[in-house]
Structures are given as C-alpha cells and as structure tokens.
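For reference, coords32.txt (compact mmCIF, C-alpha atoms):
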# COMPACT_ATOMS: atom_id res chain seq x y z
CA MET A 18 111.92 135.54 107.72
CA ARG A 19 114.37 132.66 107.18
CA ILE A 20 111.93 130.18 108.69
CA LYS A 21 109.13 131.35 106.34
CA LEU A 22 111.46 131.04 103.35
CA LEU A 23 112.52 127.54 104.47
CA ILE A 24 108.88 126.48 104.84
CA ILE A 25 108.02 127.84 101.38
CA LEU A 26 111.01 126.09 99.76
CA THR A 27 110.24 122.82 101.57
CA SER A 28 106.57 123.00 100.50
CA SER A 29 107.58 123.62 96.88
CA ALA A 30 109.96 120.67 96.90
CA LEU A 31 107.30 118.39 98.40
CA ALA A 32 104.73 119.54 95.84
CA SER A 33 107.15 118.82 92.99
CA THR A 34 107.92 115.37 94.39
CA THR A 35 104.22 114.59 94.82
CA THR A 36 103.46 115.66 91.23
CA ALA A 37 106.26 113.48 89.88
CA HIS A 38 104.99 110.46 91.83
CA ALA A 39 101.41 111.10 90.67
CA GLN A 40 102.56 111.17 87.03
CA ASP A 41 104.59 107.98 87.52
CA ALA A 42 101.55 106.23 89.00
CA GLY A 43 99.13 107.71 86.44
CA TYR A 44 96.57 105.91 84.37
CA GLY A 45 97.92 103.76 81.56
CA VAL A 46 95.92 104.11 78.33
CA ASN A 47 93.97 101.06 77.11
CA ALA A 48 92.48 100.00 73.79
CA GLY A 49 89.09 101.70 73.43
CA ASP A 50 90.06 104.87 75.32
CA THR A 51 89.55 108.26 73.66
CA LEU A 52 92.33 110.87 73.64
CA ALA A 53 92.40 114.55 72.71
CA VAL A 54 95.71 115.71 71.23
CA PHE A 55 96.46 119.43 70.96
CA VAL A 56 99.60 120.92 69.41
CA TRP A 57 100.20 124.52 70.47
CA ASN A 58 100.12 126.99 67.58
CA GLU A 59 99.23 124.18 65.13
CA GLU A 60 95.42 124.05 65.39
CA SER A 61 95.13 121.98 62.22
CA LEU A 62 96.84 119.10 64.08
CA ALA A 63 94.31 118.98 66.95
CA ARG A 64 92.64 115.54 67.03
CA GLU A 65 90.37 113.30 69.02
CA LEU A 66 91.72 109.77 68.71
CA LEU A 67 90.37 106.36 69.61
CA VAL A 68 93.02 103.92 70.81
CA GLY A 69 92.72 100.89 68.55
CA PRO A 70 92.32 97.27 69.68
CA ASP A 71 96.06 96.80 69.16
CA GLY A 72 96.83 99.73 71.53
CA THR A 73 97.90 102.14 68.79
CA ILE A 74 96.92 105.58 67.50
CA SER A 75 97.70 107.21 64.17
CA PHE A 76 98.74 110.86 64.04
CA PRO A 77 99.53 113.05 60.99
CA MET A 78 103.26 113.25 60.16
CA VAL A 79 104.06 110.92 63.07
CA GLY A 80 102.40 107.73 61.87
CA THR A 81 101.29 104.88 64.08
CA LEU A 82 102.31 104.98 67.74
CA SER A 83 101.97 102.21 70.30
CA VAL A 84 100.39 103.84 73.38
CA ARG A 85 98.96 100.94 75.40
CA GLY A 86 99.89 101.37 79.06
CA LEU A 87 101.45 104.81 78.57
CA SER A 88 100.42 107.91 80.51
CA THR A 89 99.10 110.96 78.67
CA ALA A 90 102.41 112.74 79.39
CA GLN A 91 104.36 109.89 77.78
CA ILE A 92 102.09 109.95 74.72
CA ALA A 93 102.51 113.73 74.42
CA GLU A 94 106.29 113.27 74.44
CA LYS A 95 106.13 110.60 71.69
CA VAL A 96 103.93 112.82 69.50
CA SER A 97 106.19 115.81 70.13
CA GLU A 98 109.28 113.81 69.16
CA GLY A 99 107.61 112.62 65.96
CA LEU A 100 106.42 116.10 64.97
CA GLY A 101 109.81 117.58 65.87
CA LYS A 102 111.24 115.99 62.73
CA TYR A 103 109.00 118.22 60.59
CA LEU A 104 108.54 121.43 62.59
CA ARG A 105 111.19 124.10 63.13
CA ASP A 106 110.82 124.21 66.93
CA LYS A 107 110.04 121.31 69.22
CA PRO A 108 106.23 121.37 69.42
CA LEU A 109 104.37 121.70 72.70
CA VAL A 110 101.88 118.81 72.75
CA THR A 111 99.11 118.22 75.27
CA VAL A 112 97.24 114.91 75.48
CA SER A 113 94.05 114.59 77.50
CA LEU A 114 92.03 111.51 78.33
CA LEU A 115 88.44 112.06 77.15
CA GLY A 116 87.01 108.61 77.80
CA VAL A 117 88.10 105.42 79.55
CA GLN A 118 85.89 102.96 77.69
CA GLY A 119 88.92 100.71 77.38
CA ASN A 120 89.17 100.33 81.15
CA MET A 121 86.65 97.49 81.34
CA ILE A 122 86.27 94.87 84.02
CA TYR A 123 83.98 91.86 83.75
CA VAL A 124 81.95 90.21 86.50
CA LEU A 125 80.18 86.94 85.77
CA GLY A 126 78.58 84.01 87.49
CA ALA A 127 76.40 84.09 90.59
CA VAL A 128 75.96 87.86 90.90
CA ASN A 129 72.74 89.81 90.54
CA GLN A 130 73.84 91.83 87.48
CA PRO A 131 76.67 90.09 85.61
CA GLY A 132 78.32 92.03 82.81
CA ALA A 133 81.02 94.37 81.61
CA TYR A 134 81.65 97.54 83.60
CA VAL A 135 83.68 100.63 82.72
CA ALA A 136 85.99 101.40 85.63
CA THR A 137 86.16 105.19 85.79
CA ARG A 138 88.40 104.91 88.87
CA GLN A 139 90.45 102.19 90.51
CA LEU A 140 88.26 99.35 91.75
CA ASP A 141 88.97 96.37 93.96
CA VAL A 142 87.18 93.02 93.90
CA ALA A 143 84.61 93.93 96.58
CA GLN A 144 83.71 97.15 94.75
CA ALA A 145 83.29 95.25 91.47
CA LEU A 146 80.95 92.79 93.18
CA SER A 147 78.96 95.75 94.47
CA LEU A 148 78.73 97.20 90.95
CA ALA A 149 77.37 93.86 89.82
CA GLY A 150 74.50 94.12 92.30
CA GLY A 151 76.10 91.93 94.95
CA LEU A 152 76.35 88.19 95.24
CA GLY A 153 73.46 85.95 94.28
CA VAL A 154 71.72 83.78 96.88
CA PHE A 155 73.59 80.63 95.86
CA ALA A 156 77.00 82.23 95.26
CA LYS A 157 79.97 80.33 96.64
CA GLU A 158 81.49 83.25 98.55
CA ALA A 159 84.70 81.42 99.42
CA GLN A 160 85.53 80.45 95.81
CA ILE A 161 85.61 83.77 93.92
CA THR A 162 88.49 84.15 91.46
CA VAL A 163 89.99 87.09 89.59
CA VAL A 164 91.45 86.07 86.23
CA ARG A 165 93.99 88.41 84.60
CA ARG A 166 95.65 88.04 81.21
CA LYS A 167 99.30 89.07 81.38
CA ALA A 168 101.17 90.81 78.56
CA ASP A 169 102.57 87.49 77.30
CA GLY A 170 99.03 86.08 76.99
CA THR A 171 99.19 83.72 79.96
CA LEU A 172 96.47 83.80 82.58
CA GLN A 173 97.01 84.60 86.23
CA LYS A 174 94.49 83.73 88.96
CA PHE A 175 93.88 85.51 92.27
CA PRO A 176 91.59 83.81 94.80
CA PHE A 177 89.16 86.00 96.75
CA ASN A 178 87.37 84.53 99.76
CA PHE A 179 84.49 86.93 100.42
CA THR A 180 83.48 85.06 103.59
CA ARG A 181 86.89 85.75 105.16
CA PHE A 182 86.96 89.30 103.77
CA LYS A 183 83.58 90.13 105.40
CA SER A 184 84.92 89.04 108.77
CA GLY A 185 87.98 91.27 108.42
CA ASP A 186 90.42 88.49 107.55
CA ASP A 187 92.46 88.07 104.35
CA LEU A 188 91.99 91.75 103.40
CA GLU A 189 95.01 91.67 101.07
CA SER A 190 93.13 89.31 98.74
CA ASN A 191 90.88 92.25 97.79
CA VAL A 192 93.23 93.21 94.94
CA LEU A 193 92.92 96.28 92.74
CA LEU A 194 91.52 95.29 89.37
CA GLN A 195 93.16 96.12 86.05
CA ALA A 196 91.63 96.65 82.62
CA GLY A 197 90.37 93.36 81.24
CA ASP A 198 90.19 91.55 84.60
CA LEU A 199 87.47 88.95 84.97
CA VAL A 200 85.82 88.33 88.36
CA VAL A 201 84.27 84.85 88.40
CA VAL A 202 81.71 83.98 91.08
CA PRO A 203 80.74 80.27 91.06

Re-express the file's structure as structure tokens.
Amino acid sequence: MRIKLLIILTSSALASTTTAHAQDAGYGVNAGDTLAVFVWNEESLARELLVGPDGTISFPMVGTLSVRGLSTAQIAEKVSEGLGKYLRDKPLVTVSLLGVQGNMIYVLGAVNQPGAYVATRQLDVAQALSLAGGLGVFAKEAQITVVRRKADGTLQKFPFNFTRFKSGDDLESNVLLQAGDLVVVP
C-alpha cells in the first residue's frame, strides 16, 4: 500500500513539474495572431482579438496591453489584474490561441516555391526548405543563411550548409526558426 501511494505521489509531482515546464516553454504570441479571451461569469467581456502590428491588444476596462512574446497564461494574468481593479472578486480569465498567422517564416532565393509560410508548429531550416518545395537546381547548398531580427532591431545571421547537413555533419546548424526569420538560398 505504501509503495502504491509513493508511486502515485511521485507521478503527481512529475506531472506538475512537466506542466510547469511546458507553460514556461510555451508559444509566445506574435503580431497577427488571433486570441480568444473569456472572463468567467462576465460573458459580455468575451472577445476575439487580433494582436496588432505593435504586439498589443485592447481590452475593455483594461486598455492597451503589450502581449508580444507572452504565453496565453501570462496574457490571462495581465487581463485579470486589469479587470480586478473594477470587479469585486479577482476575475477568472482564460486566453486561447485561435490562429498563429503572426508566426510567419520567409524562404526566398533558389527554392522551388519561395514565399511566406505560417509555421503552425516549430520548424527548423531543413523543414522550411521542404515547405518551400526544396532547393532549386542551381541553389548554392553550402551558402544558405538564416537572417533574424533581434528585439533591438539588429540583424543576426546563422549559416546553414545543406551539403554538410545531408551527410550528417554540422547538424547543430539546423536551427529552430522563430517568427519573422528569413531563410535565404543563393
């Protein structure tokens, strides 16, 4: 009996830890994403919101909130805090992600289908090239570059040598892409 109880308690603790880590590593909202906000017992406050180009949303009684990069749980907490100033009890707020149109990556150059792609899940460079129909006949496989704009506006470059990647070398160069990343294939 004690062993069963210990196993159940250990499993519960591990599940709680895993959930906390999943929330910490959750998706960060981007401009262009669509959110659903629900306030329990306050149906008139339920909204579908589009995250603006500046990374903000506007909510009744709360005003404008900066949400770029925040998880849905963090956004719910900000809305709850703002509404708490006007409601008797701290409101229970739920935020859901309805659309990830703001999670765009761009592939251009010598690929078969260059363009902008909505990343509905995490993608690496090789997967993005696959989405773009693969490399063109004259693509310079060893000179692919990922360009990322950092928060301060500066650009960061990551080289990706597809020739080495195909042969099983330099696998760490196949970085996970972030919203707004540009994959350039000369």

*List the neighbours of Ser190 of chain A out to 8 Å using only C-alpha atoms; skip same-chain residues closer than 6 positions along the sequence, and give me the result as a list in words.*
Phe175, Pro176, Phe177, Asn178 and Phe182 of chain A

*Using all atoms listed in the file, determine which residues lie at most 9 Å from Leu114 of chain A, disregarding the query and same-chain residues fewer than 6 positions distant; provide the list as a PyMOL selection string.*
chain A and resi 46+50-53+89

Would you write out those residues with C-alpha atoms, as a short mmCIF file (atom, residue, chain, number, x, y, z; two decimals), in the frame of the given file?
data_model
loop_
_atom_site.label_atom_id
_atom_site.label_comp_id
_atom_site.auth_asym_id
_atom_site.auth_seq_id
_atom_site.Cartn_x
_atom_site.Cartn_y
_atom_site.Cartn_z
CA VAL A 46 95.92 104.11 78.33
CA ASP A 50 90.06 104.87 75.32
CA THR A 51 89.55 108.26 73.66
CA LEU A 52 92.33 110.87 73.64
CA ALA A 53 92.40 114.55 72.71
CA THR A 89 99.10 110.96 78.67
#

_Distance in Å - atom CA of Leu194 of chain A versus atom CA of Glu65 of chain A_ =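 Distance between the two atoms: 27.2 Å.
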
_Nearest residue to Arg64 of chain A from the set A:Thr111, A:Asn47, A:Thr162, A:Asp186 (distances using all atoms listed in the file)_ = A:Thr111

_Given all atoms listed in the file as the counted atoms, nearest of A:Met121, A:Ala159, A:Ala48, A:Leu104 to Arg181 of chain A_ =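 Of A:Met121, A:Ala159, A:Ala48, A:Leu104, the one nearest Arg181 of chain A is A:Ala159, counting all atoms listed in the file.
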
_I'd like the contact shell of Ala168 of chain A - 12 Å cut-off, only C-alpha atoms, skipping same-chain residues fewer than 6 positions apart - returned as a ChimeraX atom specification._
/A:85-86,196-197

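The two atoms in question, atom CA of Leu152 of chain A and atom CA of Val124 of chain A, are spaced 10.6 Å apart.
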
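Atom CA of Leu148 of chain A is found 16.9 Å from atom CA of Val117 of chain A.
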
*Using only C-alpha atoms, which of A:Ser83, A:Gln130, A:Gln160, A:Thr137 sits nearest Gln195 of chain A?*
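Between A:Ser83, A:Gln130, A:Gln160, A:Thr137, the residue approaching Gln195 of chain A most closely is A:Thr137.
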
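With all atoms listed in the file as the atoms that count, the residue of A:Val142, A:Ile92, A:Val56, A:Val68 with the shortest distance to Gln118 of chain A is A:Val68.
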
*Find the spatial neighbours of Phe179 of chain A, counting only C-alpha atoms, within a cut-off of 9 Å - ignore same-chain residues fewer than 3 positions away - and output them as a ChimeraX atom specification.*
/A:143,157-161,182-184,187,191

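Shortest separation to Val110 of chain A among A:Lys95, A:Pro70, A:Ala156, A:Lys174 occurs at residue A:Lys95, atoms counted being all atoms listed in the file.
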
*Determine, counting all atoms listed in the file, which protein, DNA and RNA residues have an atom within 12 Å of an atom of Thr81 of chain A; residues of the same chain fewer than 4 positions away are not included. Present the result as a list in words.*
Leu66, Val68, Gly69, Asp71, Gly72, Thr73, Ile74, Ser75, Phe76, Pro77, Ile92, Lys95, Val96 and Gly99 of chain A

*Counting only C-alpha atoms, the option among A:Leu172, A:Val200, A:Leu109, A:Val163 closest to Ser147 of chain A*: A:Val200
